[in-house]
file protein16.txt (compact mmCIF, C-alpha atoms)
# COMPACT_ATOMS: atom_id res chain seq x y z
CA MET A 1483 -20.27 1.49 9.67
CA ASN A 1484 -19.84 5.25 9.38
CA TRP A 1485 -16.99 5.29 6.85
CA LEU A 1486 -16.78 9.08 6.73
CA ARG A 1487 -16.27 9.30 10.48
CA LEU A 1488 -13.62 6.56 10.36
CA LYS A 1489 -11.84 8.26 7.43
CA ASN A 1490 -11.81 11.64 9.19
CA HIS A 1491 -10.54 10.01 12.40
CA LEU A 1492 -7.74 8.15 10.62
CA ASP A 1493 -6.80 11.34 8.73
CA LYS A 1494 -6.81 13.53 11.84
CA TYR A 1495 -4.62 11.21 13.91
CA LEU A 1496 -2.40 9.96 11.06
CA PRO A 1497 0.92 11.00 12.70
CA VAL A 1498 -0.20 9.36 15.97
CA TYR A 1499 -1.12 6.06 14.34
CA VAL A 1500 2.05 6.03 12.24
CA THR A 1501 4.14 6.53 15.39
CA LEU A 1502 2.23 3.78 17.24
CA ALA A 1503 2.67 1.42 14.28
CA MET A 1504 6.41 2.15 14.27
CA ILE A 1505 6.72 1.45 18.01
CA ALA A 1506 4.59 -1.72 17.86
CA GLY A 1507 6.49 -3.04 14.83
CA PHE A 1508 9.84 -2.32 16.45
CA TYR A 1509 8.77 -4.09 19.67
CA VAL A 1510 7.52 -7.20 17.88
CA GLY A 1511 10.55 -7.28 15.60
CA THR A 1512 13.00 -7.22 18.50
CA HIS A 1513 11.11 -9.91 20.45
CA ALA A 1514 10.22 -12.36 17.66
CA ASN A 1515 12.17 -14.45 15.18
CA VAL A 1516 11.00 -12.53 12.10
CA GLU A 1517 13.48 -14.28 9.78
CA ALA A 1518 11.64 -17.58 10.29
CA TYR A 1519 8.58 -16.10 8.58
CA LYS A 1520 10.38 -14.32 5.75
CA GLY A 1521 8.44 -16.06 2.94
CA THR A 1522 5.08 -15.51 4.63
CA LEU A 1523 5.87 -11.86 5.31
CA LYS A 1524 6.79 -11.27 1.66
CA THR A 1525 3.35 -12.52 0.58
CA LEU A 1526 1.67 -10.55 3.37
CA ASN A 1527 3.51 -7.38 2.32
CA MET A 1528 2.20 -7.70 -1.23
CA LEU A 1529 -1.37 -8.32 -0.05
CA VAL A 1530 -1.27 -5.28 2.24
CA VAL A 1531 0.23 -3.16 -0.55
CA ILE A 1532 -2.64 -4.09 -2.85
CA SER A 1533 -5.20 -3.45 -0.08
CA MET A 1534 -3.77 0.05 0.29
CA ILE A 1535 -3.21 1.10 -3.35
CA TYR A 1536 -6.31 -0.39 -5.00
CA PRO A 1537 -8.95 1.44 -2.87
CA MET A 1538 -7.00 4.67 -3.36
CA MET A 1539 -7.29 4.29 -7.14
CA ILE A 1540 -11.08 3.88 -7.04
CA ASN A 1541 -11.35 7.56 -6.07
CA LEU A 1542 -8.89 8.65 -8.78
CA ARG A 1543 -10.76 10.55 -11.51
CA LEU A 1544 -8.77 10.03 -14.70
CA GLY A 1545 -11.65 11.56 -16.65
CA GLU A 1546 -10.50 14.97 -15.45
CA LEU A 1547 -7.46 14.73 -17.74
CA LYS A 1548 -9.59 15.94 -20.65
CA ASN A 1549 -9.73 19.37 -18.98
CA SER A 1550 -5.95 19.72 -18.70
CA ALA A 1551 -5.42 21.73 -21.92
CA LYS A 1552 -7.03 24.90 -20.56
CA LEU A 1553 -4.74 24.81 -17.50
CA GLY A 1554 -1.48 24.40 -19.42
CA LYS A 1555 0.71 26.90 -17.53
CA GLN A 1556 -0.38 25.79 -14.07
CA LEU A 1557 -0.14 22.13 -15.02
CA ALA A 1558 3.39 22.61 -16.35
CA ILE A 1559 4.47 24.31 -13.10
CA ALA A 1560 2.88 21.62 -10.91
CA LEU A 1561 4.41 18.70 -12.82
CA THR A 1562 7.83 20.35 -13.12
CA MET A 1563 7.88 21.03 -9.39
CA GLY A 1564 6.49 17.64 -8.38
CA LEU A 1565 8.44 15.45 -10.80
CA VAL A 1566 11.68 17.40 -11.35
CA ILE A 1567 12.39 20.04 -8.72
CA SER A 1568 11.15 18.15 -5.63
CA PRO A 1569 13.70 15.33 -6.06
CA LEU A 1570 16.47 17.92 -6.54
CA ILE A 1571 15.43 19.73 -3.34
CA MET A 1572 15.57 16.44 -1.42
CA TYR A 1573 18.96 15.63 -2.95
CA GLY A 1574 20.18 19.01 -1.71
CA ALA A 1575 18.65 18.38 1.73
CA ILE A 1576 20.51 15.05 1.97
CA TRP A 1577 23.74 16.77 0.88
CA LEU A 1578 23.31 19.38 3.63
CA THR A 1579 22.66 16.66 6.21
CA GLU A 1580 25.77 14.77 5.13
CA LEU A 1581 27.89 17.83 5.90
CA PHE A 1582 27.27 17.02 9.56
CA HIS A 1583 26.52 13.27 9.57
CA PRO A 1584 26.93 10.50 6.96
CA VAL A 1585 23.67 9.13 5.55
CA ASN A 1586 23.35 5.44 4.64
CA HIS A 1587 23.04 5.24 0.86
CA MET A 1588 19.94 3.01 0.91
CA LEU A 1589 18.32 5.34 3.43
CA ALA A 1590 19.18 8.27 1.13
CA LEU A 1591 17.53 6.46 -1.79
CA GLY A 1592 14.50 5.90 0.43
CA LEU A 1593 14.30 9.63 1.13
CA LEU A 1594 14.50 10.34 -2.59
CA LEU A 1595 11.89 7.67 -3.30
CA ALA A 1596 9.60 9.45 -0.84
CA VAL A 1597 9.57 12.55 -3.07
CA VAL A 1598 9.75 11.07 -6.58
CA VAL A 1599 6.48 9.15 -6.17
CA PRO A 1600 3.17 10.74 -7.28
CA CYS A 1601 1.34 13.17 -5.04
CA SER A 1602 -1.21 12.02 -2.49
CA SER A 1603 -4.95 12.14 -3.13
CA MET A 1604 -5.08 14.00 0.19
CA SER A 1605 -3.62 16.90 -1.79
CA ILE A 1606 -7.08 17.40 -3.29
CA ALA A 1607 -8.60 17.65 0.18
CA TYR A 1608 -5.95 20.14 1.33
CA THR A 1609 -6.65 22.19 -1.80
CA GLY A 1610 -10.34 22.26 -0.96
CA PHE A 1611 -9.69 23.34 2.65
CA THR A 1612 -7.79 26.39 1.36
CA ARG A 1613 -10.44 27.34 -1.26
CA GLY A 1614 -8.05 26.25 -4.01
CA ASN A 1615 -8.70 24.91 -7.52
CA ILE A 1616 -9.90 21.34 -6.90
CA GLU A 1617 -10.21 20.57 -10.62
CA LEU A 1618 -6.54 21.43 -11.21
CA ALA A 1619 -5.49 19.38 -8.16
CA THR A 1620 -7.44 16.36 -9.45
CA ILE A 1621 -5.84 16.62 -12.89
CA VAL A 1622 -2.32 16.83 -11.40
CA VAL A 1623 -2.93 13.78 -9.16
CA ALA A 1624 -4.25 11.71 -12.08
CA LEU A 1625 -1.45 12.75 -14.44
CA SER A 1626 1.26 12.23 -11.79
CA PHE A 1627 0.21 8.62 -11.26
CA THR A 1628 0.19 8.08 -15.02
CA LEU A 1629 3.71 9.50 -15.43
CA ALA A 1630 5.09 7.61 -12.42
CA ILE A 1631 5.96 4.58 -14.53
CA VAL A 1632 8.63 6.68 -16.27
CA THR A 1633 9.72 9.24 -13.69
CA VAL A 1634 10.22 7.00 -10.64
CA PRO A 1635 12.62 4.47 -12.24
CA ALA A 1636 14.46 7.24 -14.11
CA TRP A 1637 15.15 9.31 -11.01
CA LEU A 1638 16.06 6.33 -8.83
CA LYS A 1639 18.51 5.08 -11.47
CA ILE A 1640 20.15 8.52 -11.61
CA PHE A 1641 20.38 8.83 -7.82
CA ALA A 1642 21.50 5.21 -7.36
CA SER A 1643 24.37 5.86 -9.77
CA SER A 1644 25.40 8.96 -7.83
CA TYR A 1645 25.52 6.88 -4.63
CA HIS A 1646 27.26 3.98 -6.42
CA VAL A 1647 24.39 1.65 -5.56
CA SER A 1648 23.24 -1.02 -8.03
CA ILE A 1649 19.51 -0.93 -8.74
CA SER A 1650 17.55 -2.65 -11.50
CA VAL A 1651 15.47 -0.30 -13.64
CA TRP A 1652 13.44 -3.24 -14.96
CA LEU A 1653 12.69 -4.36 -11.39
CA LEU A 1654 11.45 -0.85 -10.57
CA VAL A 1655 9.31 -0.68 -13.73
CA LYS A 1656 7.86 -4.12 -13.00
CA THR A 1657 7.18 -3.10 -9.39
CA ILE A 1658 5.39 0.09 -10.45
CA LEU A 1659 3.33 -1.89 -12.96
CA ILE A 1660 2.30 -4.22 -10.13
CA VAL A 1661 1.69 -1.74 -7.31
CA VAL A 1662 0.59 1.41 -9.20
CA ILE A 1663 -0.54 0.86 -12.80
CA THR A 1664 -2.46 -2.44 -12.34
CA PRO A 1665 -4.38 -1.16 -9.28
CA MET A 1666 -5.04 2.07 -11.21
CA ILE A 1667 -6.65 0.18 -14.09
CA LEU A 1668 -8.67 -1.98 -11.68
CA GLY A 1669 -9.63 1.11 -9.68
CA VAL A 1670 -10.91 2.96 -12.77
CA LEU A 1671 -12.93 -0.11 -13.82
CA THR A 1672 -14.31 -0.54 -10.29
CA ARG A 1673 -15.30 3.13 -10.14
CA ALA A 1674 -17.13 2.85 -13.46
CA TYR A 1675 -18.94 -0.29 -12.28
CA LEU A 1676 -19.98 1.23 -8.95
CA MET A 1677 -21.14 4.43 -10.61
CA SER A 1678 -23.34 2.45 -13.03
CA LYS A 1679 -24.60 0.14 -10.28
CA LEU A 1680 -25.14 2.63 -7.45
CA GLY A 1681 -25.39 5.94 -9.27
CA PRO A 1682 -23.50 9.13 -8.26
CA GLU A 1683 -25.33 9.49 -4.93
CA GLY A 1684 -24.83 5.86 -3.97
CA PHE A 1685 -21.14 6.07 -4.87
CA LEU A 1686 -20.72 9.19 -2.71
CA ARG A 1687 -22.12 7.29 0.28
CA ILE A 1688 -19.45 4.59 0.10
CA LYS A 1689 -16.64 6.82 -1.23
CA PRO A 1690 -15.09 7.51 2.25
CA ALA A 1691 -14.61 3.74 2.71
CA PHE A 1692 -11.82 3.62 0.14
CA PRO A 1693 -9.38 6.12 1.72
CA ALA A 1694 -10.17 4.62 5.14
CA ILE A 1695 -9.14 1.15 3.91
CA SER A 1696 -6.02 2.66 2.29
CA LEU A 1697 -5.03 4.35 5.55
CA LEU A 1698 -5.50 1.12 7.51
CA GLY A 1699 -3.32 -0.60 4.91
CA MET A 1700 -0.67 2.10 5.27
CA TYR A 1701 -0.53 1.74 9.06
CA THR A 1702 -0.14 -2.02 8.60
CA ILE A 1703 2.72 -1.49 6.15
CA VAL A 1704 4.50 0.83 8.60
CA PHE A 1705 4.12 -1.87 11.27
CA LEU A 1706 5.55 -4.53 8.95
CA ILE A 1707 8.48 -2.36 7.84
CA PHE A 1708 9.58 -1.63 11.39
CA MET A 1709 8.99 -5.22 12.47
CA GLU A 1710 11.17 -6.59 9.67
CA LYS A 1711 13.90 -3.96 10.16
CA ALA A 1712 13.73 -3.76 13.96
CA ARG A 1713 17.08 -5.45 14.59
CA LEU A 1714 18.81 -3.21 12.05
CA ILE A 1715 17.25 -0.11 13.65
CA ALA A 1716 18.22 -1.39 17.13
CA SER A 1717 21.82 -1.76 15.99
CA LYS A 1718 21.75 1.71 14.38
CA PRO A 1719 19.15 3.75 16.32
CA SER A 1720 20.13 6.96 14.56
CA ILE A 1721 18.54 5.77 11.27
CA VAL A 1722 15.03 7.04 12.01
CA GLY A 1723 16.15 10.32 13.60
CA LEU A 1724 18.56 10.96 10.75
CA ALA A 1725 15.81 10.45 8.16
CA LEU A 1726 13.74 13.22 9.73
CA ILE A 1727 16.38 15.93 9.16
CA PRO A 1728 16.33 15.96 5.32
CA LEU A 1729 12.53 15.61 5.40
CA VAL A 1730 12.16 18.76 7.52
CA LEU A 1731 14.57 20.63 5.24
CA TYR A 1732 12.64 19.44 2.17
CA TYR A 1733 9.24 20.69 3.36
CA VAL A 1734 10.57 24.04 4.57
CA ILE A 1735 12.42 24.74 1.31
CA ALA A 1736 9.75 23.33 -1.01
CA LEU A 1737 6.82 25.22 0.55
CA LEU A 1738 8.72 28.53 0.56
CA PHE A 1739 9.96 27.90 -2.99
CA MET A 1740 6.47 27.21 -4.36
CA THR A 1741 4.97 30.23 -2.60
CA PHE A 1742 7.45 32.69 -4.08
CA VAL A 1743 7.67 31.04 -7.52
CA ASP A 1744 3.89 31.00 -8.00
CA LYS A 1745 3.57 34.56 -6.74
CA GLY A 1746 6.35 35.72 -9.04
CA ALA A 1747 4.93 33.81 -12.02
CA GLY A 1748 1.53 35.44 -11.59
CA VAL A 1749 -0.26 32.17 -10.81
CA PRO A 1750 -3.72 32.88 -9.30
CA TYR A 1751 -4.13 32.09 -5.59
CA LYS A 1752 -6.58 29.19 -6.13
CA ASP A 1753 -4.26 27.55 -8.66
CA HIS A 1754 -1.28 28.15 -6.38
CA MET A 1755 -2.84 26.09 -3.61
CA ALA A 1756 -3.59 23.23 -6.00
CA ILE A 1757 -0.04 23.35 -7.38
CA THR A 1758 1.61 23.52 -3.96
CA PHE A 1759 -0.20 20.62 -2.31
CA THR A 1760 0.06 18.34 -5.34
CA SER A 1761 3.74 19.04 -5.99
CA VAL A 1762 5.11 19.24 -2.43
CA GLY A 1763 2.91 16.63 -0.75
CA LYS A 1764 3.80 13.01 -1.60
CA ASN A 1765 2.11 9.63 -1.46
CA GLU A 1766 4.26 7.92 1.16
CA GLY A 1767 2.11 4.79 0.94
CA THR A 1768 3.04 4.31 -2.71
CA ALA A 1769 6.72 4.88 -1.89
CA MET A 1770 6.62 2.23 0.83
CA ALA A 1771 4.82 -0.15 -1.50
CA ILE A 1772 7.45 0.28 -4.23
CA ALA A 1773 10.33 -0.21 -1.78
CA LEU A 1774 8.81 -3.33 -0.24
CA ALA A 1775 7.73 -4.88 -3.53
CA ALA A 1776 11.21 -4.26 -4.98
CA GLY A 1777 12.75 -6.04 -2.00
CA THR A 1778 14.65 -3.01 -0.68
CA GLY A 1779 13.37 -2.88 2.90
CA LEU A 1780 15.78 -0.25 4.24
CA MET A 1781 14.59 2.16 1.55
CA ALA A 1782 11.07 1.79 2.98
CA ILE A 1783 12.01 3.28 6.35
CA ALA A 1784 12.24 6.84 5.04
CA PRO A 1785 8.75 6.87 3.45
CA ALA A 1786 7.42 5.20 6.60
CA VAL A 1787 8.45 8.15 8.78
CA THR A 1788 7.50 10.78 6.18
CA PRO A 1789 3.93 11.30 7.54
CA ILE A 1790 5.38 12.43 10.88
CA VAL A 1791 6.86 15.44 9.06
CA GLN A 1792 4.60 15.84 6.03
CA ILE A 1793 1.27 16.06 7.87
CA PRO A 1794 2.24 18.87 10.31
CA PHE A 1795 3.82 20.95 7.52
CA LEU A 1796 0.92 20.61 5.08
CA VAL A 1797 -1.71 21.08 7.77
CA GLY A 1798 0.22 24.14 8.95
CA TYR A 1799 0.09 25.51 5.39
CA VAL A 1800 -3.66 24.85 5.36
CA LYS A 1801 -4.09 26.71 8.65
CA ALA A 1802 -2.17 29.69 7.23
CA TRP A 1803 -4.32 29.95 4.08
CA ARG A 1804 -5.76 33.35 5.01
CA LYS A 1805 -2.30 34.88 5.44
CA ILE A 1806 -1.12 33.26 2.21
CA ALA A 1807 -4.21 34.54 0.38
CA SER A 1808 -3.38 38.03 1.61
CA LEU A 1809 -0.08 37.83 -0.32
CA TRP A 1810 -2.24 37.58 -3.45
CA LYS A 1811 -4.32 40.53 -2.17
CA CYS A 1812 -7.43 38.32 -1.98
CA GLU A 1813 -10.44 39.67 -0.10
CA ILE A 1814 -11.74 37.25 2.54
CA THR A 1815 -15.24 37.52 3.99
CA GLY A 1816 -15.95 34.81 6.53
CA GLU A 1817 -15.08 31.57 4.73
CA GLU A 1818 -15.51 33.11 1.28
CA ILE A 1819 -12.64 34.38 -0.85
CA GLU A 1820 -12.65 36.88 -3.69
CA VAL A 1821 -9.67 36.77 -6.00
CA PRO A 1822 -8.60 40.13 -7.50
CA ALA A 1823 -8.97 40.44 -11.27

call {"tool": "encode", "arguments": {"input": "protein16.txt", "output": "structure tokens"}}
result
Amino acid sequence: MNWLRLKNHLDKYLPVYVTLAMIAGFYVGTHANVEAYKGTLKTLNMLVVISMIYPMMINLRLGELKNSAKLGKQLAIALTMGLVISPLIMYGAIWLTELFHPVNHMLALGLLLAVVVPCSSMSIAYTGFTRGNIELATIVVALSFTLAIVTVPAWLKIFASSYHVSISVWLLVKTILIVVITPMILGVLTRAYLMSKLGPEGFLRIKPAFPAISLLGMYTIVFLIFMEKARLIASKPSIVGLALIPLVLYYVIALLFMTFVDKGAGVPYKDHMAITFTSVGKNEGTAMAIALAAGTGLMAIAPAVTPIVQIPFLVGYVKAWRKIASLWKCEITGEEIEVPA
């Protein structure tokens, strides 16, 4: 099988497949007695979560963390934006939405969960497409996953309190240990084994298989979420549409914010691209996995629809890289870029 071709196909049509998975899940959920299979579905959810997170972690290069010291300023900006400011922007986006329409508190927590999780490994690819600093992007991704065990439960506890919703911090920590930290450890060990067994060239040949498997797992999770919550969505059809409004506001505000902050702080163009994609872009698969594993299905709806908004915005930012580079007065010749001293 040509894994690279499959990966590129699944990446390119991600919003399409997410939408199809939503529609198929909704149809099945409204025409089948899903409650009768509740126990089976809980086990299936966990298996699919593992099948999605574990392959993703095999491509995670934790070894890059040793290079983080020389990128202190940029790393501090990326982590502050991704782990602190992003959740506050989403909280503000939800507040703005509620001025015109009330937002279900569990749905609001799902929207916040969608932006407090670590950044996506696709952020590294986006950084590369825009001639950004891939090393910095890799370090931020690795460090974000490592810090997730503290930041995700902390933020969700704070936001749950503000919405007067009861949520167990220990349950969240246990869930993150199961769906993020354990697969991370196994992924690092698997990567080391494959590198020693196949060598760097052999590993590169099979490397595209892992994100392809993760994407297939993510589409399956979206299907399962909408199948299990189909009757709730049918009774309140505005849920999905309402979730899209704060998401659009988040990506508009966050991308503009990062562009002007990095420019004003004197961050080099290549580092700016790494910082932007790793702090603004989020790993919706991880968010869905945490919501499902924690038994809060309604929270999973928001991360499930996130790709419909996230992909067009981030791809649009990629397409505009030449114009953005011109703000930094970079000289562009063909596909090459020269950054001013």

call {"tool": "closest_atom_pairs", "arguments": {"input": "protein16.txt", "of": "segment 1484-1541 of chain A", "to": "segment 1688-1701 of chain A", "cutoff": "6 Å", "atoms": "all atoms listed in the file", "output": "tab-separated table"}}
result
residue	atom	partner	partner_atom	distance
A:Trp1485	CA	A:Ala1691	CA	5.0
A:Leu1486	CA	A:Pro1690	CA	5.0
A:Lys1489	CA	A:Ala1694	CA	4.6
A:Val1500	CA	A:Tyr1701	CA	5.9
A:Val1530	CA	A:Gly1699	CA	5.8
A:Met1534	CA	A:Ser1696	CA	4.0
A:Pro1537	CA	A:Phe1692	CA	4.7
A:Met1538	CA	A:Pro1693	CA	5.8

call {"tool": "closest_residue", "arguments": {"input": "protein16.txt", "among": "A:Ile1727, A:Val1670, A:Cys1601, A:Ile1806", "to": "Phe1759 of chain A", "atoms": "all atoms listed in the file"}}
result
A:Cys1601

call {"tool": "residues_around", "arguments": {"input": "protein16.txt", "residues": "Ala1596 of chain A", "least_positions_apart": "2", "cutoff": "7 Å", "atoms": "all atoms listed in the file", "output": "list in words"}}
result
Gly1592, Leu1593, Leu1594, Val1598, Val1599, Lys1764, Glu1766, Ala1769, Ala1784 and Pro1785 of chain A

call {"tool": "atom_distance", "arguments": {"input": "protein16.txt", "atom1": "atom CA of Ile1790 of chain A", "atom2": "atom CA of Pro1497 of chain A"}}
result
5.0 Å

call {"tool": "atom_distance", "arguments": {"input": "protein16.txt", "atom1": "atom CA of Gly1669 of chain A", "atom2": "atom CA of Ala1560 of chain A"}}
result
24.1 Å

call {"tool": "residues_around", "arguments": {"input": "protein16.txt", "residues": "segment 1507-1514 of chain A", "least_positions_apart": "5", "cutoff": "10 Å", "atoms": "all atoms listed in the file", "output": "PyMOL selection string"}}
result
chain A and resi 1501-1502+1519+1702-1716

call {"tool": "closest_residue", "arguments": {"input": "protein16.txt", "among": "A:Trp1803, A:Phe1742, A:Tyr1573, A:Tyr1608", "to": "Ser1644 of chain A", "atoms": "only C-alpha atoms"}}
result
A:Tyr1573

call {"tool": "closest_atom_pairs", "arguments": {"input": "protein16.txt", "of": "segment 1652-1682 of chain A", "to": "segment 1633-1642 of chain A", "cutoff": "9 Å", "atoms": "only C-alpha atoms", "output": "JSON lines"}}
result
{"residue": "A:Trp1652", "atom": "CA", "partner": "A:Pro1635", "partner_atom": "CA", "distance": 8.2}
{"residue": "A:Leu1653", "atom": "CA", "partner": "A:Pro1635", "partner_atom": "CA", "distance": 8.9}
{"residue": "A:Leu1654", "atom": "CA", "partner": "A:Pro1635", "partner_atom": "CA", "distance": 5.7}
{"residue": "A:Val1655", "atom": "CA", "partner": "A:Pro1635", "partner_atom": "CA", "distance": 6.3}
{"residue": "A:Ile1658", "atom": "CA", "partner": "A:Val1634", "partner_atom": "CA", "distance": 8.4}

call {"tool": "closest_residue", "arguments": {"input": "protein16.txt", "among": "A:Ala1674, A:Met1755, A:Ala1786, A:Leu1774", "to": "Met1740 of chain A", "atoms": "all atoms listed in the file"}}
result
A:Met1755

call {"tool": "build_atoms", "arguments": {"input": "protein16.txt", "residues": "segment 1679-1690 of chain A", "atoms": "N, CA and C atoms", "output": "PDB file, in the coordinates of the input"}}
result
ATOM      1  N   LYS A1679     -23.760   0.980 -11.132  1.00  0.00           N
ATOM      2  CA  LYS A1679     -24.600   0.140 -10.280  1.00  0.00           C
ATOM      3  C   LYS A1679     -25.317   0.947  -9.198  1.00  0.00           C
ATOM      4  N   LEU A1680     -24.599   1.883  -8.585  1.00  0.00           N
ATOM      5  CA  LEU A1680     -25.140   2.630  -7.450  1.00  0.00           C
ATOM      6  C   LEU A1680     -25.606   4.033  -7.809  1.00  0.00           C
ATOM      7  N   GLY A1681     -25.099   4.557  -8.914  1.00  0.00           N
ATOM      8  CA  GLY A1681     -25.390   5.940  -9.270  1.00  0.00           C
ATOM      9  C   GLY A1681     -24.479   6.882  -8.508  1.00  0.00           C
ATOM     10  N   PRO A1682     -24.388   8.163  -8.926  1.00  0.00           N
ATOM     11  CA  PRO A1682     -23.500   9.130  -8.260  1.00  0.00           C
ATOM     12  C   PRO A1682     -23.755   9.266  -6.756  1.00  0.00           C
ATOM     13  N   GLU A1683     -25.015   9.317  -6.349  1.00  0.00           N
ATOM     14  CA  GLU A1683     -25.330   9.490  -4.930  1.00  0.00           C
ATOM     15  C   GLU A1683     -24.934   8.266  -4.116  1.00  0.00           C
ATOM     16  N   GLY A1684     -25.206   7.094  -4.664  1.00  0.00           N
ATOM     17  CA  GLY A1684     -24.830   5.860  -3.970  1.00  0.00           C
ATOM     18  C   GLY A1684     -23.322   5.733  -3.844  1.00  0.00           C
ATOM     19  N   PHE A1685     -22.601   6.127  -4.907  1.00  0.00           N
ATOM     20  CA  PHE A1685     -21.140   6.070  -4.870  1.00  0.00           C
ATOM     21  C   PHE A1685     -20.591   7.022  -3.806  1.00  0.00           C
ATOM     22  N   LEU A1686     -21.176   8.217  -3.707  1.00  0.00           N
ATOM     23  CA  LEU A1686     -20.720   9.190  -2.710  1.00  0.00           C
ATOM     24  C   LEU A1686     -20.867   8.656  -1.295  1.00  0.00           C
ATOM     25  N   ARG A1687     -21.902   7.826  -1.065  1.00  0.00           N
ATOM     26  CA  ARG A1687     -22.120   7.290   0.280  1.00  0.00           C
ATOM     27  C   ARG A1687     -21.013   6.338   0.705  1.00  0.00           C
ATOM     28  N   ILE A1688     -20.506   5.558  -0.253  1.00  0.00           N
ATOM     29  CA  ILE A1688     -19.450   4.590   0.100  1.00  0.00           C
ATOM     30  C   ILE A1688     -18.054   5.109  -0.186  1.00  0.00           C
ATOM     31  N   LYS A1689     -17.944   6.270  -0.837  1.00  0.00           N
ATOM     32  CA  LYS A1689     -16.640   6.820  -1.230  1.00  0.00           C
ATOM     33  C   LYS A1689     -15.654   6.937  -0.064  1.00  0.00           C
ATOM     34  N   PRO A1690     -16.056   7.392   1.145  1.00  0.00           N
ATOM     35  CA  PRO A1690     -15.090   7.510   2.250  1.00  0.00           C
ATOM     36  C   PRO A1690     -14.488   6.174   2.679  1.00  0.00           C
TER      37      PRO A1690
END
